[in-house]
$ cat input36.cif   # mmCIF, C-alpha atoms and all ligand atoms
data_entry
#
loop_
_atom_site.label_atom_id
_atom_site.label_comp_id
_atom_site.auth_asym_id
_atom_site.auth_seq_id
_atom_site.Cartn_x
_atom_site.Cartn_y
_atom_site.Cartn_z
CA MET A 33 113.31 85.70 126.88
CA LYS A 34 116.48 83.66 126.26
CA ASN A 35 118.69 84.47 123.28
CA ARG A 36 117.13 87.88 122.82
CA PRO A 37 118.23 89.24 119.42
CA THR A 38 120.62 92.14 119.57
CA ILE A 39 121.33 94.75 116.92
CA SER A 40 124.17 92.60 115.59
CA ASP A 41 121.76 89.69 115.08
CA PRO A 42 121.76 88.82 111.37
CA TYR A 43 117.96 88.69 111.28
CA THR A 44 117.38 92.16 112.66
CA ASP A 45 120.50 94.14 111.88
CA PRO A 46 119.81 96.44 108.90
CA ASN A 47 123.55 96.36 108.16
CA THR A 48 123.11 92.73 107.09
CA TYR A 49 121.32 93.95 103.98
CA PRO A 50 122.59 95.80 100.91
CA PRO A 51 121.92 99.53 100.91
CA GLY A 52 118.72 100.54 99.20
CA VAL A 53 115.15 101.72 99.54
CA ALA A 54 111.92 99.74 99.68
CA PHE A 55 108.26 100.63 99.41
CA LEU A 56 105.60 98.73 101.30
CA ASP A 57 102.42 99.61 103.20
CA ASP A 58 102.46 103.06 101.53
CA GLN A 59 105.84 103.96 102.98
CA TYR A 60 109.43 104.24 101.76
CA VAL A 61 111.86 102.61 104.19
CA PRO A 62 115.53 101.51 104.19
CA VAL A 63 115.58 98.10 102.51
CA GLY A 64 116.76 96.39 105.72
CA ALA A 65 113.63 97.61 107.51
CA ALA A 66 111.20 96.29 104.88
CA LYS A 67 109.48 93.30 106.50
CA ILE A 68 106.43 91.21 105.67
CA SER A 69 104.33 88.98 107.91
CA VAL A 70 105.31 85.32 108.26
CA LEU A 71 101.63 84.63 107.52
CA ASP A 72 101.87 86.10 104.01
CA ASN A 73 101.16 83.37 101.45
CA GLY A 74 103.87 84.84 99.27
CA PHE A 75 106.28 83.56 101.92
CA LEU A 76 104.38 80.43 103.01
CA HIS A 77 103.41 79.10 99.57
CA SER A 78 105.54 81.05 97.06
CA ASP A 79 102.17 82.49 96.05
CA ALA A 80 103.48 85.62 94.40
CA THR A 81 104.59 87.18 91.16
CA TYR A 82 107.33 89.71 90.64
CA ASP A 83 109.48 91.48 88.13
CA VAL A 84 112.99 92.88 88.01
CA VAL A 85 114.04 95.87 85.94
CA HIS A 86 117.40 97.56 85.99
CA VAL A 87 118.46 101.17 86.15
CA TRP A 88 121.62 101.94 84.22
CA GLN A 89 123.38 105.30 84.40
CA GLY A 90 120.36 106.96 85.95
CA ALA A 91 117.63 105.56 83.70
CA PHE A 92 115.30 102.54 83.75
CA PHE A 93 115.76 100.24 80.74
CA ARG A 94 112.55 99.11 78.97
CA LEU A 95 110.43 99.69 82.08
CA ASP A 96 107.13 99.47 80.16
CA LEU A 97 107.85 95.87 79.11
CA HIS A 98 108.55 94.88 82.71
CA LEU A 99 105.37 96.59 83.91
CA ASP A 100 103.31 94.82 81.23
CA ARG A 101 104.72 91.42 82.23
CA PHE A 102 104.06 92.14 85.92
CA PHE A 103 100.45 93.26 85.41
CA GLN A 104 99.77 90.29 83.10
CA GLY A 105 101.19 87.95 85.77
CA MET A 106 98.93 89.44 88.42
CA ASP A 107 95.89 89.04 86.13
CA LYS A 108 96.71 85.38 85.48
CA LEU A 109 97.07 84.76 89.23
CA HIS A 110 93.83 86.63 90.09
CA MET A 111 95.73 89.23 92.05
CA SER A 112 95.19 92.95 92.20
CA ILE A 113 96.86 95.93 93.82
CA PRO A 114 95.49 99.41 94.47
CA TYR A 115 97.88 100.95 91.92
CA GLU A 116 97.76 101.27 88.14
CA LYS A 117 100.87 101.26 85.97
CA PRO A 118 101.55 105.04 86.29
CA GLN A 119 101.49 104.77 90.09
CA VAL A 120 103.78 101.74 90.13
CA THR A 121 106.09 103.66 87.80
CA GLU A 122 106.14 106.56 90.25
CA ILE A 123 106.85 104.25 93.19
CA LEU A 124 109.74 102.57 91.37
CA HIS A 125 111.18 105.94 90.34
CA ASN A 126 110.89 107.16 93.94
CA CYS A 127 112.67 104.07 95.34
CA VAL A 128 115.59 104.69 92.99
CA ALA A 129 115.63 108.47 93.45
CA VAL A 130 115.58 108.23 97.25
CA SER A 131 118.29 105.54 97.18
CA GLY A 132 120.45 107.77 94.97
CA LEU A 133 121.58 104.66 93.07
CA LYS A 134 122.61 105.33 89.45
CA ASN A 135 122.90 101.62 88.62
CA ALA A 136 120.20 99.65 90.39
CA TYR A 137 118.42 96.31 90.60
CA VAL A 138 114.75 97.13 91.07
CA GLU A 139 112.32 94.41 92.07
CA PHE A 140 108.57 94.74 92.46
CA ILE A 141 106.40 92.04 93.92
CA CYS A 142 102.77 91.17 94.48
CA THR A 143 102.19 88.54 97.14
CA ARG A 144 98.89 86.81 97.82
CA GLY A 145 99.02 88.31 101.31
CA THR A 146 97.00 86.87 104.17
CA SER A 147 93.52 86.93 105.62
CA PRO A 148 92.50 87.65 109.24
CA THR A 149 91.06 84.11 109.56
CA PHE A 150 94.13 82.43 108.00
CA SER A 151 91.64 81.12 105.46
CA ARG A 152 92.92 78.60 102.89
CA ASP A 153 90.81 80.30 100.22
CA PRO A 154 93.18 82.52 98.19
CA ARG A 155 90.24 84.81 97.36
CA ASP A 156 90.08 85.88 101.01
CA ALA A 157 93.62 87.18 101.09
CA VAL A 158 94.51 90.84 100.74
CA ASN A 159 97.23 91.09 98.08
CA ARG A 160 100.35 93.03 98.97
CA PHE A 161 102.61 95.18 96.81
CA ILE A 162 106.29 95.61 97.63
CA ALA A 163 109.09 97.26 95.65
CA PHE A 164 112.75 97.84 96.31
CA ALA A 165 115.87 99.28 94.71
CA ILE A 166 119.33 97.99 95.64
CA PRO A 167 122.72 98.29 93.88
CA PHE A 168 122.83 96.68 90.40
CA ALA A 169 123.41 92.93 90.70
CA SER A 170 124.58 90.52 88.02
CA VAL A 171 124.42 86.74 87.58
CA ALA A 172 128.07 86.89 86.47
CA SER A 173 130.90 88.57 88.37
CA PRO A 174 133.20 91.00 86.48
CA GLU A 175 135.80 88.20 86.19
CA GLN A 176 133.21 85.77 84.80
CA MET A 177 132.00 88.42 82.35
CA ASP A 178 135.56 88.75 81.11
CA ARG A 179 136.51 85.10 80.70
CA GLY A 180 133.05 83.56 80.33
CA LEU A 181 131.02 81.49 82.78
CA HIS A 182 131.60 77.81 83.48
CA VAL A 183 128.21 76.11 83.35
CA ALA A 184 126.93 72.58 83.92
CA ILE A 185 123.90 71.02 82.26
CA THR A 186 122.27 69.34 85.25
CA ASP A 187 119.73 66.52 85.21
CA VAL A 188 117.29 68.64 87.21
CA VAL A 189 114.05 69.19 85.28
CA ARG A 190 112.56 72.69 85.40
CA ILE A 191 109.03 72.76 86.80
CA PRO A 192 106.86 72.09 83.71
CA PRO A 193 104.60 74.73 82.14
CA LEU A 194 101.57 72.49 82.78
CA SER A 195 102.25 72.86 86.52
CA VAL A 196 103.37 76.48 86.73
CA ASP A 197 103.01 78.88 83.81
CA PRO A 198 106.58 80.10 83.24
CA THR A 199 105.36 83.28 81.56
CA ILE A 200 104.28 84.38 85.05
CA LYS A 201 107.54 85.39 86.71
CA ASN A 202 107.51 83.37 89.92
CA TYR A 203 109.42 82.21 92.96
CA HIS A 204 109.25 78.45 92.23
CA TRP A 205 113.00 78.21 92.54
CA LEU A 206 113.67 74.93 94.42
CA ASP A 207 114.50 73.19 91.13
CA LEU A 208 116.84 76.04 90.16
CA VAL A 209 118.54 75.97 93.56
CA GLN A 210 118.95 72.16 93.39
CA GLY A 211 120.48 72.70 89.96
CA LEU A 212 122.95 75.20 91.41
CA TYR A 213 124.14 72.72 94.04
CA GLN A 214 124.54 70.02 91.40
CA ALA A 215 126.53 72.47 89.24
CA TYR A 216 128.80 73.38 92.19
CA GLU A 217 129.44 69.69 92.88
CA ARG A 218 130.62 69.36 89.29
CA GLY A 219 132.95 72.34 89.60
CA ALA A 220 130.74 74.68 87.56
CA GLU A 221 129.57 78.18 88.50
CA THR A 222 125.94 77.98 87.47
CA ALA A 223 123.38 75.54 86.17
CA ILE A 224 121.27 74.76 83.15
CA LEU A 225 118.03 72.87 83.77
CA LEU A 226 116.23 70.64 81.29
CA ASP A 227 112.59 70.71 80.20
CA THR A 228 110.30 67.67 80.38
CA ASN A 229 111.37 66.65 76.83
CA GLY A 230 115.02 66.48 77.89
CA ASN A 231 115.83 69.71 76.04
CA ILE A 232 117.61 72.76 77.43
CA ALA A 233 115.27 75.03 79.44
CA GLU A 234 116.74 77.87 81.53
CA GLY A 235 118.91 78.54 84.55
CA PRO A 236 118.65 80.34 87.89
CA GLY A 237 117.66 83.81 86.73
CA PHE A 238 118.56 83.59 83.05
CA ASN A 239 117.63 82.44 79.54
CA ILE A 240 120.09 80.49 77.41
CA PHE A 241 121.30 81.22 73.86
CA MET A 242 123.62 79.39 71.49
CA VAL A 243 125.22 80.37 68.20
CA LYS A 244 125.66 77.81 65.41
CA ASP A 245 126.94 78.71 61.95
CA GLY A 246 126.04 82.36 62.51
CA THR A 247 122.47 81.67 63.68
CA VAL A 248 121.36 82.56 67.21
CA LEU A 249 119.04 80.01 68.88
CA THR A 250 117.20 79.89 72.20
CA PRO A 251 114.70 77.43 73.74
CA ASP A 252 111.04 78.04 72.96
CA TYR A 253 109.41 75.89 75.66
CA GLY A 254 109.18 75.91 79.43
CA VAL A 255 111.00 79.19 79.94
CA LEU A 256 110.29 82.69 81.15
CA MET A 257 109.80 85.08 78.25
CA GLY A 258 112.74 87.15 79.42
CA ILE A 259 112.76 90.84 78.54
CA THR A 260 116.47 90.52 77.75
CA ARG A 261 115.63 87.50 75.55
CA GLN A 262 113.08 89.66 73.68
CA THR A 263 115.65 92.45 73.37
CA ILE A 264 118.12 89.98 71.81
CA PHE A 265 115.50 88.97 69.21
CA GLU A 266 114.91 92.63 68.30
CA LEU A 267 118.59 93.44 68.31
CA CYS A 268 119.44 90.45 66.06
CA GLN A 269 116.73 91.56 63.66
CA SER A 270 118.19 95.04 63.44
CA LEU A 271 121.69 93.60 62.94
CA GLN A 272 120.37 91.13 60.34
CA ILE A 273 121.49 88.13 62.38
CA ASN A 274 119.21 85.07 62.13
CA CYS A 275 117.64 84.38 65.50
CA SER A 276 114.95 81.89 66.40
CA ALA A 277 113.40 79.95 69.27
CA GLN A 278 113.30 76.16 69.05
CA GLY A 279 113.99 72.99 71.02
CA ILE A 280 117.72 72.60 71.79
CA SER A 281 119.11 69.27 73.01
CA PRO A 282 122.07 69.10 75.42
CA LEU A 283 124.10 67.57 72.56
CA GLU A 284 123.32 70.52 70.28
CA LEU A 285 124.26 72.97 73.01
CA GLY A 286 127.53 71.08 73.54
CA ALA A 287 128.31 71.44 69.83
CA ALA A 288 127.57 75.18 69.74
CA ASP A 289 130.07 77.68 68.34
CA GLU A 290 129.19 80.12 71.14
CA VAL A 291 126.92 80.12 74.19
CA PHE A 292 125.65 83.05 76.25
CA ILE A 293 123.00 83.62 78.88
CA THR A 294 120.75 86.64 79.34
CA SER A 295 119.15 88.36 82.31
CA THR A 296 118.12 91.80 83.48
CA ALA A 297 120.66 91.02 86.20
CA GLY A 298 123.77 91.21 84.03
CA GLY A 299 122.55 91.59 80.43
CA VAL A 300 124.38 89.34 77.94
CA MET A 301 126.82 87.01 79.71
CA PRO A 302 129.25 84.74 77.84
CA VAL A 303 129.65 81.02 78.61
CA THR A 304 133.02 79.52 77.70
CA ASN A 305 132.89 76.16 79.44
CA LEU A 306 130.07 73.63 79.38
CA ASN A 307 130.23 70.44 81.46
CA GLY A 308 133.99 70.90 81.88
CA LYS A 309 134.56 71.24 78.12
CA ALA A 310 135.67 74.48 76.45
CA ILE A 311 133.26 76.16 74.04
CA ALA A 312 134.86 78.06 71.14
CA ALA A 313 138.32 77.16 72.46
CA GLY A 314 137.38 78.72 75.78
CA GLN A 315 137.24 82.26 74.38
CA VAL A 316 134.30 84.66 74.51
CA GLY A 317 132.69 84.34 71.05
CA SER A 318 132.81 87.23 68.57
CA LEU A 319 129.04 87.27 67.98
CA THR A 320 128.43 87.15 71.74
CA ARG A 321 130.71 90.17 72.12
CA ARG A 322 128.93 92.04 69.32
CA ILE A 323 125.47 91.30 70.75
CA LYS A 324 126.61 92.29 74.24
CA ASP A 325 128.04 95.60 73.00
CA HIS A 326 124.85 96.42 71.11
CA TYR A 327 122.73 95.48 74.10
CA TRP A 328 124.51 98.05 76.27
CA ARG A 329 124.45 100.62 73.47
CA LEU A 330 120.65 100.30 73.41
CA HIS A 331 120.68 101.74 76.92
CA GLU A 332 121.52 105.11 75.38
CA GLN A 333 118.47 105.04 73.11
CA GLN A 334 115.86 107.55 74.34
CA THR A 335 112.88 105.29 73.47
CA ASP A 336 114.05 102.58 75.89
CA ARG A 337 115.07 104.92 78.71
CA SER A 338 113.00 106.26 81.57
CA VAL A 339 115.21 108.82 83.29
CA VAL A 340 115.16 109.05 87.10
CA ASP A 341 114.74 112.53 88.55
CA TYR A 342 117.09 112.36 91.56
CA GLY A 343 116.53 116.03 92.38
CA HIS A 344 112.91 115.58 93.38
CA ALA A 345 113.26 112.64 95.68
CA SER A 346 111.57 113.02 99.05
CA GLY A 347 113.51 111.60 102.00
CA LEU A 348 112.73 108.46 103.96
N1 LIG B 1 114.45 82.85 83.50
C1 LIG B 1 114.26 82.95 84.82
C2 LIG B 1 113.84 81.74 85.59
C3 LIG B 1 114.47 84.17 85.48
O1 LIG B 1 114.26 84.27 86.80
C4 LIG B 1 114.91 85.29 84.73
C5 LIG B 1 115.14 86.58 85.38
O2 LIG B 1 115.15 86.72 86.57
C6 LIG B 1 115.12 85.15 83.35
C7 LIG B 1 114.86 83.91 82.77
C8 LIG B 1 115.58 86.33 82.51
O3 LIG B 1 114.53 87.24 82.35
P1 LIG B 1 114.79 88.79 82.10
O4 LIG B 1 115.60 88.89 80.88
O5 LIG B 1 113.41 89.38 81.95
O6 LIG B 1 115.51 89.31 83.31
#
$ encode --input "input36.cif" --output "structure tokens"
Amino acid sequence: MKNRPTISDPYTDPNTYPPGVAFLDDQYVPVGAAKISVLDNGFLHSDATYDVVHVWQGAFFRLDLHLDRFFQGMDKLHMSIPYEKPQVTEILHNCVAVSGLKNAYVEFICTRGTSPTFSRDPRDAVNRFIAFAIPFASVASPEQMDRGLHVAITDVVRIPPLSVDPTIKNYHWLDLVQGLYQAYERGAETAILLDTNGNIAEGPGFNIFMVKDGTVLTPDYGVLMGITRQTIFELCQSLQINCSAQGISPLELGAADEVFITSTAGGVMPVTNLNGKAIAAGQVGSLTRRIKDHYWRLHEQQTDRSVVDYGHASGL
């Protein structure tokens, strides 16, 4: 065969991947060795659901909420896996423990899978479960966290809820990726997409918040019900800060006192420039800072932590 791949080939070389541990087909493997069939409908049709939870200083944060969202997503998509929540919990803990990572990005996925006849009927497919733990990843770099992200409101419309239910965490990302390219062309670092009413929706991997006159607002339509978003609601309630979900127009976002985005991948991330214009004089807002600090302090609360037992990890 011509052009035979060698070990330095980017498609086969495990060194091309971040370090980490994956679980699939009842085995724990180095993340670079975790492969699925090209015939899997998760790959061919984005027919999959997934979730991402993070591990911070050796403990999962709000794992139960992520598990609930994942199992609800599978139900809505008529998918099932041979594991209940306690078994998935054990698998995720094992991936992290074996990896040794104290701060980790942990993703778990159910794909439609495939059928021996390559049938078009999704009911014939055998669903597949995959999980992996890699080093903690953030939407914003440390520099961007410090000075605030520069974001563009694009004219890309997020896939509407009538087409794909956004409460099912999914891989329909072509709109988000198009948005990213549009943002880069405009000199921004990430993108905001609109909903079908022309209001602010969400961005690639995050929900959007604004602060106006001391009130925290976030879109209520056409977005993933982010676990970080939910945490912000609860946190604002405990800090007696008004927080609500409602339609937000691009003009309203542009006139905000502060803007921040939220994701399991990064937590609370400040935005200081929108469409080339400074927000709050280009400084990270004081309420954003307060919410961010409280968000990370919550990680010390026993009720939200699920501690990883690194001592009992079995090897690969
Ligand atoms: N919106 C989208 C499209 C996402 O992909 C994500 C996370 O990946 C979020 C919002 C934020 O959700 P969470 O806070 O649960 O990470």
$ closest_residue --input "input36.cif" --among "A:Leu271, A:Ala233, A:Ile185, A:Leu71" --to "ligand LIG 1 (chain B)" --atoms "only C-alpha atoms and all ligand atoms"
A:Ala233
$ residues_near_point --input "input36.cif" --point "(117.9, 91.3, 70.6)" --cutoff "12 Å" --atoms "only C-alpha atoms" --output "ChimeraX atom specification"
/A:241,248-250,258-276,294,299-300,320,322-330
$ residues_around --input "input36.cif" --residues "Asn73 in chain A" --least-positions-apart "4" --cutoff "12 Å" --atoms "only C-alpha atoms" --output "PyMOL selection string"
chain A and resi 68-69+77-81+142-147+150-160+203
$ residues_near_ligand --input "input36.cif" --ligand "ligand LIG 1 (chain B)" --cutoff "7 Å" --atoms "all atoms listed in the file" --output "list in words"
Val84, Lys201, Glu234, Gly235, Pro236, Gly237, Phe238, Asn239, Val255, Leu256, Met257, Gly258, Ile259, Thr260, Arg261, Thr294, Ser295, Thr296 and Ala297 of chain A
$ atom_distance --input "input36.cif" --atom1 "CA of His110 in chain A" --atom2 "CA of Trp205 in chain A"
21.1 Å
$ residues_around --input "input36.cif" --residues "Phe103 in chain A" --least-positions-apart "5" --cutoff "10 Å" --atoms "all atoms listed in the file" --output "list in words"
Thr81, Tyr82, Asp83, His98, Lys108, Leu109, Met111, Ser112, Ile113, Glu116, Lys117, Cys142 and Ile200 of chain A
$ write_last_selection --input "input36.cif" --atoms "C-alpha atoms" --output "PDB file, in the frame of the given file"
ATOM      1  CA  THR A  81     104.590  87.180  91.160  1.00  0.00           C
ATOM      2  CA  TYR A  82     107.330  89.710  90.640  1.00  0.00           C
ATOM      3  CA  ASP A  83     109.480  91.480  88.130  1.00  0.00           C
ATOM      4  CA  HIS A  98     108.550  94.880  82.710  1.00  0.00           C
ATOM      5  CA  LYS A 108      96.710  85.380  85.480  1.00  0.00           C
ATOM      6  CA  LEU A 109      97.070  84.760  89.230  1.00  0.00           C
ATOM      7  CA  MET A 111      95.730  89.230  92.050  1.00  0.00           C
ATOM      8  CA  SER A 112      95.190  92.950  92.200  1.00  0.00           C
ATOM      9  CA  ILE A 113      96.860  95.930  93.820  1.00  0.00           C
ATOM     10  CA  GLU A 116      97.760 101.270  88.140  1.00  0.00           C
ATOM     11  CA  LYS A 117     100.870 101.260  85.970  1.00  0.00           C
ATOM     12  CA  CYS A 142     102.770  91.170  94.480  1.00  0.00           C
ATOM     13  CA  ILE A 200     104.280  84.380  85.050  1.00  0.00           C
TER      14      ILE A 200
END
$ residues_around --input "input36.cif" --residues "range 87-94 of chain A" --least-positions-apart "4" --cutoff "7 Å" --atoms "only C-alpha atoms" --output "list in words"
His98, Lys134, Asn135, Ala136, Tyr137, His331, Asp336, Arg337, Ser338, Val339 and Val340 of chain A
$ residues_around --input "input36.cif" --residues "Asn307 in chain A" --least-positions-apart "4" --cutoff "10 Å" --atoms "only C-alpha atoms" --output "NGL selection string"
:A and (182-186 or 215 or 218-220 or 223 or 286 or 311)
$ atom_distance --input "input36.cif" --atom1 "CA of Ile224 in chain A" --atom2 "CA of Asn202 in chain A"
17.6 Å
$ atom_distance --input "input36.cif" --atom1 "CA of Arg179 in chain A" --atom2 "CA of Phe292 in chain A"
11.9 Å
$ closest_residue --input "input36.cif" --among "A:Asp207, A:His86, A:Met242, A:Asn229" --to "Ser170 in chain A" --atoms "all atoms listed in the file"
A:His86
$ closest_residue --input "input36.cif" --among "A:Asp187, A:Asp252, A:Asp245, A:Glu290" --to "Gln278 in chain A" --atoms "only C-alpha atoms"
A:Asp252
$ residues_around --input "input36.cif" --residues "Ile123 in chain A" --least-positions-apart "6" --cutoff "12 Å" --atoms "only C-alpha atoms" --output "ChimeraX atom specification"
/A:53-60,115-117,129-130,138-140,161-165,340,345-346
$ closest_residue --input "input36.cif" --among "A:Leu208, A:Asp341, A:Arg101, A:Leu95" --to "Pro118 in chain A" --atoms "all atoms listed in the file"
A:Leu95
$ closest_residue --input "input36.cif" --among "A:Val85, A:Gly308, A:Leu319, A:Ile141" --to "Glu217 in chain A" --atoms "all atoms listed in the file"
A:Gly308
$ closest_residue --input "input36.cif" --among "A:Ile293, A:Leu226, A:Ile191, A:Leu181" --to "Gly314 in chain A" --atoms "only C-alpha atoms"
A:Leu181
$ decode --input "input36.cif" --residues "range 136-184 of chain A" --atoms "C-alpha atoms" --output "PDB file, in the first residue's frame"
ATOM      1  CA  ALA A 136      -9.853  17.210  34.354  1.00  0.00           C
ATOM      2  CA  TYR A 137     -12.309  17.659  31.496  1.00  0.00           C
ATOM      3  CA  VAL A 138     -14.477  14.557  31.521  1.00  0.00           C
ATOM      4  CA  GLU A 139     -16.749  13.817  28.595  1.00  0.00           C
ATOM      5  CA  PHE A 140     -19.217  10.957  28.282  1.00  0.00           C
ATOM      6  CA  ILE A 141     -21.027  10.129  25.096  1.00  0.00           C
ATOM      7  CA  CYS A 142     -23.756   7.873  23.773  1.00  0.00           C
ATOM      8  CA  THR A 143     -23.688   7.405  20.014  1.00  0.00           C
ATOM      9  CA  ARG A 144     -26.417   5.757  17.973  1.00  0.00           C
ATOM     10  CA  GLY A 145     -23.840   3.159  16.939  1.00  0.00           C
ATOM     11  CA  THR A 146     -24.300   1.016  13.855  1.00  0.00           C
ATOM     12  CA  SER A 147     -26.075  -2.112  12.694  1.00  0.00           C
ATOM     13  CA  PRO A 148     -24.570  -5.124  10.888  1.00  0.00           C
ATOM     14  CA  THR A 149     -26.777  -4.416   7.826  1.00  0.00           C
ATOM     15  CA  PHE A 150     -25.965  -0.674   7.777  1.00  0.00           C
ATOM     16  CA  SER A 151     -29.722  -0.251   8.154  1.00  0.00           C
ATOM     17  CA  ARG A 152     -31.117   3.300   7.938  1.00  0.00           C
ATOM     18  CA  ASP A 153     -33.537   2.478  10.757  1.00  0.00           C
ATOM     19  CA  PRO A 154     -32.068   3.997  13.956  1.00  0.00           C
ATOM     20  CA  ARG A 155     -33.877   1.327  15.992  1.00  0.00           C
ATOM     21  CA  ASP A 156     -31.578  -1.320  14.505  1.00  0.00           C
ATOM     22  CA  ALA A 157     -28.411   0.300  15.759  1.00  0.00           C
ATOM     23  CA  VAL A 158     -26.588  -0.812  18.873  1.00  0.00           C
ATOM     24  CA  ASN A 159     -25.932   2.296  20.974  1.00  0.00           C
ATOM     25  CA  ARG A 160     -22.393   2.867  22.171  1.00  0.00           C
ATOM     26  CA  PHE A 161     -21.094   4.423  25.378  1.00  0.00           C
ATOM     27  CA  ILE A 162     -17.738   6.189  25.501  1.00  0.00           C
ATOM     28  CA  ALA A 163     -16.132   8.256  28.256  1.00  0.00           C
ATOM     29  CA  PHE A 164     -12.814  10.016  28.599  1.00  0.00           C
ATOM     30  CA  ALA A 165     -10.835  12.200  30.982  1.00  0.00           C
ATOM     31  CA  ILE A 166      -8.217  14.644  29.686  1.00  0.00           C
ATOM     32  CA  PRO A 167      -6.548  17.677  31.316  1.00  0.00           C
ATOM     33  CA  PHE A 168      -8.979  20.486  32.274  1.00  0.00           C
ATOM     34  CA  ALA A 169      -9.772  22.638  29.243  1.00  0.00           C
ATOM     35  CA  SER A 170     -11.272  26.119  29.169  1.00  0.00           C
ATOM     36  CA  VAL A 171     -13.040  28.209  26.521  1.00  0.00           C
ATOM     37  CA  ALA A 172     -10.864  31.149  27.648  1.00  0.00           C
ATOM     38  CA  SER A 173      -7.085  31.109  27.976  1.00  0.00           C
ATOM     39  CA  PRO A 174      -5.511  32.401  31.240  1.00  0.00           C
ATOM     40  CA  GLU A 175      -4.769  35.722  29.474  1.00  0.00           C
ATOM     41  CA  GLN A 176      -8.368  36.028  28.264  1.00  0.00           C
ATOM     42  CA  MET A 177      -9.643  35.199  31.755  1.00  0.00           C
ATOM     43  CA  ASP A 178      -7.546  38.047  33.083  1.00  0.00           C
ATOM     44  CA  ARG A 179      -8.416  40.787  30.603  1.00  0.00           C
ATOM     45  CA  GLY A 180     -11.778  39.501  29.365  1.00  0.00           C
ATOM     46  CA  LEU A 181     -12.699  37.895  26.053  1.00  0.00           C
ATOM     47  CA  HIS A 182     -13.242  39.802  22.821  1.00  0.00           C
ATOM     48  CA  VAL A 183     -16.476  38.517  21.308  1.00  0.00           C
ATOM     49  CA  ALA A 184     -18.428  39.182  18.117  1.00  0.00           C
TER      50      ALA A 184
END
